[in-house]
file structure_4.pdb (PDB, C-alpha atoms)
ATOM      1  CA  MET V   1       9.148  79.847  33.731
ATOM      2  CA  THR V   2      11.553  79.305  30.929
ATOM      3  CA  PHE V   3      10.244  79.648  27.385
ATOM      4  CA  ASP V   4       7.115  81.428  28.527
ATOM      5  CA  ALA V   5       5.505  81.905  25.120
ATOM      6  CA  ILE V   6       5.063  78.145  24.897
ATOM      7  CA  GLY V   7       3.377  77.977  28.305
ATOM      8  CA  ILE V   8       1.073  80.939  27.575
ATOM      9  CA  ALA V   9       0.048  79.400  24.270
ATOM     10  CA  GLY V  10      -0.604  76.220  26.258
ATOM     11  CA  THR V  11      -3.242  78.022  28.366
ATOM     12  CA  GLY V  12      -4.904  79.138  25.126
ATOM     13  CA  LEU V  13      -4.871  75.565  23.856
ATOM     14  CA  THR V  14      -6.505  74.335  27.077
ATOM     15  CA  VAL V  15      -9.241  76.982  26.943
ATOM     16  CA  HIS V  16     -10.030  76.300  23.291
ATOM     17  CA  ARG V  17     -10.030  72.564  23.912
ATOM     18  CA  LYS V  18     -12.637  73.063  26.645
ATOM     19  CA  TRP V  19     -14.615  75.332  24.336
ATOM     20  CA  LEU V  20     -14.540  72.598  21.677
ATOM     21  CA  ASP V  21     -15.769  70.110  24.298
ATOM     22  CA  ALA V  22     -18.641  72.420  25.238
ATOM     23  CA  ILE V  23     -19.643  72.945  21.592
ATOM     24  CA  SER V  24     -19.400  69.224  21.002
ATOM     25  CA  ASP V  25     -21.801  68.615  23.892
ATOM     26  CA  ASN V  26     -24.194  71.314  22.653
ATOM     27  CA  LEU V  27     -24.225  69.969  19.106
ATOM     28  CA  ALA V  28     -24.633  66.381  20.290
ATOM     29  CA  ASN V  29     -27.725  67.402  22.259
ATOM     30  CA  VAL V  30     -29.184  69.820  19.747
ATOM     31  CA  ASN V  31     -32.056  67.429  18.991
ATOM     32  CA  THR V  32     -32.526  66.036  22.488
ATOM     33  CA  ALA V  33     -36.250  66.328  23.127
ATOM     34  CA  VAL V  34     -37.694  65.884  26.609
ATOM     35  CA  ALA V  35     -41.206  65.868  27.983
ATOM     36  CA  THR V  36     -42.562  69.296  28.808
ATOM     37  CA  GLY V  37     -42.500  68.475  32.518
ATOM     38  CA  ASP V  38     -38.701  68.016  32.465
ATOM     39  CA  GLU V  39     -35.827  70.437  32.041
ATOM     40  CA  ALA V  40     -34.454  70.707  28.522
ATOM     41  CA  PHE V  41     -30.732  70.141  27.919
ATOM     42  CA  ARG V  42     -28.926  73.270  29.052
ATOM     43  CA  ALA V  43     -26.374  74.536  26.560
ATOM     44  CA  ARG V  44     -22.852  74.904  27.925
ATOM     45  CA  TYR V  45     -21.033  78.193  27.526
ATOM     46  CA  VAL V  46     -17.397  78.510  28.565
ATOM     47  CA  ALA V  47     -16.614  81.650  30.566
ATOM     48  CA  VAL V  48     -12.958  82.654  30.388
ATOM     49  CA  GLN V  49     -10.815  85.171  32.208
ATOM     50  CA  ASN V  50      -7.245  86.318  32.400
ATOM     51  CA  SER V  51      -5.177  86.062  35.558
ATOM     52  CA  THR V  52      -3.357  88.782  37.446
ATOM     53  CA  GLU V  53      -0.812  86.278  38.757
ATOM     54  CA  SER V  54       0.340  84.733  35.515
ATOM     55  CA  PRO V  55      -0.190  85.561  31.852
ATOM     56  CA  GLY V  56      -2.488  83.465  29.746
ATOM     57  CA  VAL V  57      -6.172  82.677  29.607
ATOM     58  CA  TYR V  58      -8.078  80.489  32.018
ATOM     59  CA  VAL V  59     -11.541  78.990  32.232
ATOM     60  CA  ALA V  60     -13.600  80.856  34.834
ATOM     61  CA  GLY V  61     -16.448  78.396  34.717
ATOM     62  CA  ILE V  62     -19.193  76.878  32.644
ATOM     63  CA  ARG V  63     -22.445  78.827  32.307
ATOM     64  CA  LEU V  64     -25.557  76.864  31.493
ATOM     65  CA  GLY V  65     -28.298  77.900  29.109
ATOM     66  CA  ASP V  66     -32.009  78.222  29.726
ATOM     67  CA  PRO V  67     -33.595  74.971  31.043
ATOM     68  CA  ALA V  68     -36.944  76.079  29.607
ATOM     69  CA  GLY V  69     -35.657  75.485  26.078
ATOM     70  CA  ARG V  70     -38.212  75.920  23.351
ATOM     71  CA  MET V  71     -41.570  74.223  22.969
ATOM     72  CA  VAL V  72     -42.104  72.388  19.715
ATOM     73  CA  HIS V  73     -45.420  70.978  18.530
ATOM     74  CA  GLU V  74     -44.769  67.266  17.796
ATOM     75  CA  PRO V  75     -47.943  65.334  18.509
ATOM     76  CA  ASP V  76     -46.434  62.109  17.106
ATOM     77  CA  ASN V  77     -43.571  62.169  19.577
ATOM     78  CA  PRO V  78     -44.157  59.667  22.395
ATOM     79  CA  LEU V  79     -42.835  62.304  24.822
ATOM     80  CA  ALA V  80     -45.463  64.849  23.784
ATOM     81  CA  ASP V  81     -47.834  66.167  26.420
ATOM     82  CA  ALA V  82     -51.607  66.363  26.107
ATOM     83  CA  ASP V  83     -51.355  69.402  23.833
ATOM     84  CA  GLY V  84     -48.760  67.694  21.621
ATOM     85  CA  TYR V  85     -45.726  69.686  22.741
ATOM     86  CA  VAL V  86     -42.180  68.555  23.587
ATOM     87  CA  ARG V  87     -39.264  70.577  24.922
ATOM     88  CA  TYR V  88     -36.126  71.049  22.832
ATOM     89  CA  PRO V  89     -32.937  72.703  24.079
ATOM     90  CA  ASP V  90     -32.575  76.362  23.216
ATOM     91  CA  ILE V  91     -29.504  75.902  21.010
ATOM     92  CA  ASP V  92     -29.014  77.682  17.709
ATOM     93  CA  PHE V  93     -27.269  75.350  15.287
ATOM     94  CA  GLY V  94     -25.752  78.131  13.193
ATOM     95  CA  ASP V  95     -24.451  79.895  16.274
ATOM     96  CA  GLN V  96     -22.822  76.681  17.487
ATOM     97  CA  MET V  97     -21.228  76.064  14.091
ATOM     98  CA  SER V  98     -19.700  79.542  14.017
ATOM     99  CA  GLN V  99     -18.459  79.054  17.572
ATOM    100  CA  LEU V 100     -16.974  75.754  16.400
ATOM    101  CA  ILE V 101     -15.007  77.568  13.704
ATOM    102  CA  LEU V 102     -13.834  80.186  16.201
ATOM    103  CA  ALA V 103     -12.752  77.536  18.698
ATOM    104  CA  GLN V 104     -10.928  75.552  16.025
ATOM    105  CA  ARG V 105      -9.147  78.610  14.677
ATOM    106  CA  GLY V 106      -8.218  79.710  18.181
ATOM    107  CA  TYR V 107      -6.792  76.282  18.943
ATOM    108  CA  GLN V 108      -4.838  76.277  15.692
ATOM    109  CA  ALA V 109      -3.531  79.781  16.392
ATOM    110  CA  SER V 110      -2.257  78.761  19.833
ATOM    111  CA  ALA V 111      -0.670  75.631  18.355
ATOM    112  CA  ALA V 112       0.996  77.810  15.710
ATOM    113  CA  VAL V 113       2.355  80.055  18.480
ATOM    114  CA  VAL V 114       3.945  77.008  20.145
ATOM    115  CA  ASP V 115       5.595  76.045  16.853
ATOM    116  CA  ARG V 116       6.794  79.556  16.047
ATOM    117  CA  ALA V 117       8.104  80.082  19.580
ATOM    118  CA  ARG V 118      10.051  76.854  19.348
ATOM    119  CA  SER V 119      11.548  77.925  16.009
ATOM    120  CA  ALA V 120      12.432  81.309  17.479
ATOM    121  CA  TYR V 121      14.143  79.789  20.517
ATOM    122  CA  GLU V 122      16.053  77.397  18.285
ATOM    123  CA  ALA V 123      17.148  80.331  16.135
ATOM    124  CA  ALA V 124      18.392  82.033  19.302
ATOM    125  CA  LEU V 125      20.450  78.932  20.089
ATOM    126  CA  GLN V 126      22.080  79.181  16.669
ATOM    127  CA  ILE V 127      23.436  82.683  17.412
ATOM    128  CA  GLY V 128      27.197  82.669  17.207
ATOM    129  CA  ARG V 129      27.398  79.143  15.859
ATOM    130  CA  SER V 130      29.431  79.054  12.706
TER     131      SER V 130
ATOM    132  CA  MET H   1      37.859 112.521   0.442
ATOM    133  CA  ASP H   2      39.149 112.094   3.922
ATOM    134  CA  ALA H   3      37.665 108.664   4.202
ATOM    135  CA  LEU H   4      40.217 107.205   1.788
ATOM    136  CA  SER H   5      43.289 108.800   3.288
ATOM    137  CA  GLY H   6      45.101 105.536   3.869
ATOM    138  CA  ILE H   7      45.791 103.703   7.038
ATOM    139  CA  GLU H   8      46.996 105.922   9.797
ATOM    140  CA  GLY H   9      49.337 104.958  12.553
ATOM    141  CA  VAL H  10      47.865 104.124  15.864
ATOM    142  CA  GLY H  11      47.902 107.099  18.186
ATOM    143  CA  GLY H  12      49.978 106.840  21.281
ATOM    144  CA  LEU H  13      48.430 105.091  24.169
ATOM    145  CA  SER H  14      46.939 107.562  26.557
ATOM    146  CA  ALA H  15      48.201 105.614  29.516
ATOM    147  CA  PRO H  16      50.927 103.009  29.683
ATOM    148  CA  LEU H  17      49.767  99.501  30.259
ATOM    149  CA  THR H  18      49.773  98.632  33.896
ATOM    150  CA  ALA H  19      52.202  96.039  35.046
ATOM    151  CA  THR H  20      50.920  92.549  35.428
ATOM    152  CA  GLY H  21      51.641  92.655  39.137
ATOM    153  CA  SER H  22      48.494  94.666  39.693
ATOM    154  CA  ALA H  23      46.288  92.021  38.137
ATOM    155  CA  GLN H  24      43.170  91.186  40.035
ATOM    156  CA  PRO H  25      43.363  88.308  42.473
ATOM    157  CA  PRO H  26      41.995  85.057  41.119
ATOM    158  CA  ARG H  27      38.304  84.841  41.717
ATOM    159  CA  THR H  28      37.324  81.323  42.631
ATOM    160  CA  GLY H  29      33.675  82.340  42.915
ATOM    161  CA  ASP H  30      33.294  82.566  39.130
ATOM    162  CA  ALA H  31      34.275  78.980  38.488
ATOM    163  CA  ALA H  32      31.945  77.804  41.220
ATOM    164  CA  GLY H  33      29.274  80.103  39.749
ATOM    165  CA  PHE H  34      29.532  78.496  36.312
ATOM    166  CA  ALA H  35      29.538  75.022  37.823
ATOM    167  CA  SER H  36      26.545  75.694  40.037
ATOM    168  CA  SER H  37      24.565  77.444  37.301
ATOM    169  CA  ILE H  38      25.079  74.599  34.852
ATOM    170  CA  THR H  39      24.228  72.083  37.582
ATOM    171  CA  GLY H  40      21.068  74.037  38.340
ATOM    172  CA  ALA H  41      20.190  74.146  34.647
ATOM    173  CA  ILE H  42      20.674  70.380  34.420
ATOM    174  CA  ASP H  43      18.429  69.897  37.463
ATOM    175  CA  ASP H  44      15.721  72.041  35.824
ATOM    176  CA  LEU H  45      16.143  70.049  32.630
ATOM    177  CA  ARG H  46      15.767  66.787  34.519
ATOM    178  CA  ALA H  47      12.545  68.062  36.117
ATOM    179  CA  LEU H  48      11.185  69.077  32.695
ATOM    180  CA  GLN H  49      12.135  65.735  31.187
ATOM    181  CA  SER H  50      10.482  63.771  33.982
ATOM    182  CA  GLU H  51       7.329  65.908  33.615
ATOM    183  CA  SER H  52       7.433  65.251  29.877
ATOM    184  CA  SER H  53       7.795  61.496  30.308
ATOM    185  CA  GLU H  54       5.035  61.366  32.947
ATOM    186  CA  LEU H  55       2.699  63.137  30.541
ATOM    187  CA  ALA H  56       3.761  60.826  27.714
ATOM    188  CA  VAL H  57       2.871  57.811  29.877
ATOM    189  CA  ALA H  58      -0.458  59.462  30.768
ATOM    190  CA  ALA H  59      -1.094  60.072  27.067
ATOM    191  CA  VAL H  60      -0.557  56.466  26.020
ATOM    192  CA  THR H  61      -2.551  55.086  28.973
ATOM    193  CA  GLY H  62      -5.498  57.339  28.164
ATOM    194  CA  GLU H  63      -5.345  59.341  31.390
ATOM    195  CA  LEU H  64      -4.505  62.609  29.686
ATOM    196  CA  ASP H  65      -7.162  65.277  29.177
ATOM    197  CA  ASP H  66      -5.071  67.624  27.089
ATOM    198  CA  ILE H  67      -2.991  66.151  24.284
ATOM    199  CA  HIS H  68      -1.215  69.442  23.857
ATOM    200  CA  SER H  69       0.110  69.466  27.430
ATOM    201  CA  ALA H  70       2.231  66.395  26.660
ATOM    202  CA  MET H  71       3.481  67.927  23.423
ATOM    203  CA  ILE H  72       4.210  71.253  25.142
ATOM    204  CA  ALA H  73       6.124  69.541  27.952
ATOM    205  CA  SER H  74       8.116  67.583  25.379
ATOM    206  CA  THR H  75       8.819  70.726  23.320
ATOM    207  CA  ARG H  76       9.894  72.636  26.400
ATOM    208  CA  ALA H  77      12.159  69.802  27.525
ATOM    209  CA  ALA H  78      13.686  69.559  24.033
ATOM    210  CA  VAL H  79      14.387  73.292  23.774
ATOM    211  CA  THR H  80      15.821  73.358  27.291
ATOM    212  CA  LEU H  81      18.045  70.384  26.452
ATOM    213  CA  GLU H  82      19.339  72.224  23.391
ATOM    214  CA  LEU H  83      19.981  75.325  25.501
ATOM    215  CA  VAL H  84      21.888  73.406  28.186
ATOM    216  CA  ALA H  85      23.851  71.531  25.529
ATOM    217  CA  ALA H  86      24.717  74.820  23.792
ATOM    218  CA  VAL H  87      25.941  76.368  27.058
ATOM    219  CA  ARG H  88      27.954  73.235  27.877
ATOM    220  CA  ASN H  89      29.526  73.214  24.412
ATOM    221  CA  LYS H  90      30.460  76.868  24.747
ATOM    222  CA  GLY H  91      32.060  76.109  28.104
ATOM    223  CA  VAL H  92      34.006  73.168  26.700
ATOM    224  CA  ASP H  93      35.091  75.281  23.716
ATOM    225  CA  ALA H  94      36.384  77.968  26.046
ATOM    226  CA  PHE H  95      38.215  75.376  28.138
ATOM    227  CA  ASN H  96      39.822  73.839  25.047
ATOM    228  CA  GLU H  97      40.818  77.254  23.775
ATOM    229  CA  ILE H  98      42.573  77.961  27.072
ATOM    230  CA  MET H  99      44.251  74.553  27.046
ATOM    231  CA  ARG H 100      45.700  75.330  23.593
ATOM    232  CA  MET H 101      47.418  78.453  24.951
ATOM    233  CA  GLN H 102      51.139  77.725  25.069
ATOM    234  CA  ALA H 103      54.138  79.907  25.323
TER     235      ALA H 103
END
call {"tool": "encode", "arguments": {"input": "structure_4.pdb", "output": "structure tokens"}}
result
Amino acid sequence: MTFDAIGIAGTGLTVHRKWLDAISDNLANVNTAVATGDEAFRARYVAVQNSTESPGVYVAGIRLGDPAGRMVHEPDNPLADADGYVRYPDIDFGDQMSQLILAQRGYQASAAVVDRARSAYEAALQIGRS
Amino acid sequence: MDALSGIEGVGGLSAPLTATGSAQPPRTGDAAGFASSITGAIDDLRALQSESSELAVAAVTGELDDIHSAMIASTRAAVTLELVAAVRNKGVDAFNEIMRMQA
């Protein structure tokens, strides 16, 4: 493929976009309580891999967190069981926020690579032009 | 200071220039090669531009998952267009230079 650096950076952008989507889902559901008889929201974790056929990074799949979640004592919650417990997803807010920063920085880095590669190719086209 | 010893005469040629009669036969393959390579480059460019415009349509109709894929396709098409234009201009420059050759 011509101008490969742009395409490789594009795979990084796709992976980080999916990571951002996963974090967005996790953060949106961080306070989703369910009854203890149901499965808690399962956090999404993006698994990535490289490829032997072409350079770049690719999403291998989405791994799901523990459906057991964590039990919280909230007797006032209408979803609470007889003992006053509800099930919250097992998501650490601080961990998700640091992943959010990593995903954002990774996305920005890949976008910067696209820009720099374009500038470099344009500089190459200026060679010999007086 | 040998370096500043003035301009020296050119040494004799080690071999006399060969007569023009022994020039290589005209190679028609090269002209066809340039034509076909620039045609191929233009075909590639057209494919990139149609991919770029398809993604642009998908972006404005909300069917696009990745915003960056449209921008990357457009960047790639733009850089390829500049490359093809640069090669074409070089070819035209060379042609004009040859056309200016007069006895």
call {"tool": "interface_residues", "arguments": {"input": "structure_4.pdb", "of": "chain H", "to": "chain V", "cutoff": "8 Å", "atoms": "only C-alpha atoms", "output": "PyMOL selection string"}}
result
chain H and resi 66+68-69+72+75-76+79+82-83+86
call {"tool": "residues_around", "arguments": {"input": "structure_4.pdb", "residues": "range 45-60 of chain V", "least_positions_apart": "4", "cutoff": "6 Å", "atoms": "all atoms listed in the file", "output": "mmCIF file with C-alpha atoms, in the frame of the given file"}}
result
data_model
loop_
_atom_site.group_PDB
_atom_site.id
_atom_site.type_symbol
_atom_site.label_atom_id
_atom_site.label_comp_id
_atom_site.auth_asym_id
_atom_site.auth_seq_id
_atom_site.Cartn_x
_atom_site.Cartn_y
_atom_site.Cartn_z
ATOM 1 C CA ILE V 8 1.073 80.939 27.575
ATOM 2 C CA THR V 11 -3.242 78.022 28.366
ATOM 3 C CA GLY V 12 -4.904 79.138 25.126
ATOM 4 C CA TRP V 19 -14.615 75.332 24.336
#
call {"tool": "atom_distance", "arguments": {"input": "structure_4.pdb", "atom1": "CA of Ala35 in chain V", "atom2": "CA of Asp81 in chain V"}}
result
6.8 Å
call {"tool": "atom_distance", "arguments": {"input": "structure_4.pdb", "atom1": "CA of Leu27 in chain V", "atom2": "CA of Gly106 in chain V"}}
result
18.8 Å
call {"tool": "resolve_selection", "arguments": {"input": "structure_4.pdb", "expression": "the PyMOL selection byres ((chain H and resi 37-45) around 7)", "output": "PyMOL selection string"}}
result
chain H and resi 33-36+46-49+77+80-81+84
call {"tool": "residues_around", "arguments": {"input": "structure_4.pdb", "residues": "range 92-96 of chain V", "least_positions_apart": "6", "cutoff": "8 Å", "atoms": "all atoms listed in the file", "output": "JSON, numbers by chain"}}
result
{"V": [23, 26, 27, 30]}
call {"tool": "resolve_selection", "arguments": {"input": "structure_4.pdb", "expression": "the PyMOL selection byres ((chain V and resi 71-80) around 12)", "output": "list in words"}}
result
Asn31, Thr32, Ala33, Val34, Ala35, Thr36, Gly37, Asp38, Glu39, Ala40, Pro67, Ala68, Gly69, Arg70, Asp81, Ala82, Asp83, Gly84, Tyr85, Val86, Arg87, Tyr88, Pro89 and Asp90 of chain V
call {"tool": "atom_distance", "arguments": {"input": "structure_4.pdb", "atom1": "CA of Asp21 in chain V", "atom2": "CA of Gly65 in chain V"}}
result
15.5 Å
call {"tool": "residues_near_point", "arguments": {"input": "structure_4.pdb", "point": "(-4.8, 60.4, 26.7)", "cutoff": "6 Å", "atoms": "only C-alpha atoms", "output": "number ranges by chain"}}
result
H: 59-60, 62-65
call {"tool": "build_atoms", "arguments": {"input": "structure_4.pdb", "residues": "range 9-25 of chain V", "atoms": "N, CA and C atoms", "output": "PDB file, in the frame of the given file"}}
result
ATOM      1  N   ALA V   9       0.832  80.000  25.358  1.00  0.00           N
ATOM      2  CA  ALA V   9       0.048  79.400  24.270  1.00  0.00           C
ATOM      3  C   ALA V   9      -0.628  78.126  24.760  1.00  0.00           C
ATOM      4  N   GLY V  10      -0.002  77.429  25.694  1.00  0.00           N
ATOM      5  CA  GLY V  10      -0.604  76.220  26.258  1.00  0.00           C
ATOM      6  C   GLY V  10      -1.909  76.513  26.983  1.00  0.00           C
ATOM      7  N   THR V  11      -1.973  77.669  27.712  1.00  0.00           N
ATOM      8  CA  THR V  11      -3.242  78.022  28.366  1.00  0.00           C
ATOM      9  C   THR V  11      -4.326  78.285  27.322  1.00  0.00           C
ATOM     10  N   GLY V  12      -3.926  78.913  26.203  1.00  0.00           N
ATOM     11  CA  GLY V  12      -4.904  79.138  25.126  1.00  0.00           C
ATOM     12  C   GLY V  12      -5.395  77.829  24.533  1.00  0.00           C
ATOM     13  N   LEU V  13      -4.473  76.876  24.384  1.00  0.00           N
ATOM     14  CA  LEU V  13      -4.871  75.565  23.856  1.00  0.00           C
ATOM     15  C   LEU V  13      -5.865  74.892  24.796  1.00  0.00           C
ATOM     16  N   THR V  14      -5.600  74.971  26.103  1.00  0.00           N
ATOM     17  CA  THR V  14      -6.505  74.335  27.077  1.00  0.00           C
ATOM     18  C   THR V  14      -7.896  74.957  27.004  1.00  0.00           C
ATOM     19  N   VAL V  15      -7.945  76.302  26.980  1.00  0.00           N
ATOM     20  CA  VAL V  15      -9.241  76.982  26.943  1.00  0.00           C
ATOM     21  C   VAL V  15     -10.012  76.617  25.668  1.00  0.00           C
ATOM     22  N   HIS V  16      -9.325  76.607  24.537  1.00  0.00           N
ATOM     23  CA  HIS V  16     -10.030  76.300  23.291  1.00  0.00           C
ATOM     24  C   HIS V  16     -10.428  74.829  23.225  1.00  0.00           C
ATOM     25  N   ARG V  17      -9.639  73.974  23.863  1.00  0.00           N
ATOM     26  CA  ARG V  17     -10.030  72.564  23.912  1.00  0.00           C
ATOM     27  C   ARG V  17     -11.321  72.417  24.711  1.00  0.00           C
ATOM     28  N   LYS V  18     -11.418  73.142  25.840  1.00  0.00           N
ATOM     29  CA  LYS V  18     -12.637  73.063  26.645  1.00  0.00           C
ATOM     30  C   LYS V  18     -13.819  73.668  25.898  1.00  0.00           C
ATOM     31  N   TRP V  19     -13.558  74.733  25.146  1.00  0.00           N
ATOM     32  CA  TRP V  19     -14.615  75.332  24.336  1.00  0.00           C
ATOM     33  C   TRP V  19     -15.118  74.322  23.297  1.00  0.00           C
ATOM     34  N   LEU V  20     -14.157  73.633  22.648  1.00  0.00           N
ATOM     35  CA  LEU V  20     -14.540  72.598  21.677  1.00  0.00           C
ATOM     36  C   LEU V  20     -15.372  71.511  22.348  1.00  0.00           C
ATOM     37  N   ASP V  21     -14.991  71.131  23.580  1.00  0.00           N
ATOM     38  CA  ASP V  21     -15.769  70.110  24.298  1.00  0.00           C
ATOM     39  C   ASP V  21     -17.187  70.599  24.540  1.00  0.00           C
ATOM     40  N   ALA V  22     -17.313  71.867  24.956  1.00  0.00           N
ATOM     41  CA  ALA V  22     -18.641  72.420  25.238  1.00  0.00           C
ATOM     42  C   ALA V  22     -19.491  72.449  23.970  1.00  0.00           C
ATOM     43  N   ILE V  23     -18.899  72.890  22.847  1.00  0.00           N
ATOM     44  CA  ILE V  23     -19.643  72.945  21.592  1.00  0.00           C
ATOM     45  C   ILE V  23     -20.041  71.543  21.158  1.00  0.00           C
ATOM     46  N   SER V  24     -19.110  70.606  21.363  1.00  0.00           N
ATOM     47  CA  SER V  24     -19.400  69.224  21.002  1.00  0.00           C
ATOM     48  C   SER V  24     -20.613  68.710  21.778  1.00  0.00           C
ATOM     49  N   ASP V  25     -20.662  69.029  23.072  1.00  0.00           N
ATOM     50  CA  ASP V  25     -21.801  68.615  23.892  1.00  0.00           C
ATOM     51  C   ASP V  25     -23.089  69.281  23.402  1.00  0.00           C
TER      52      ASP V  25
END
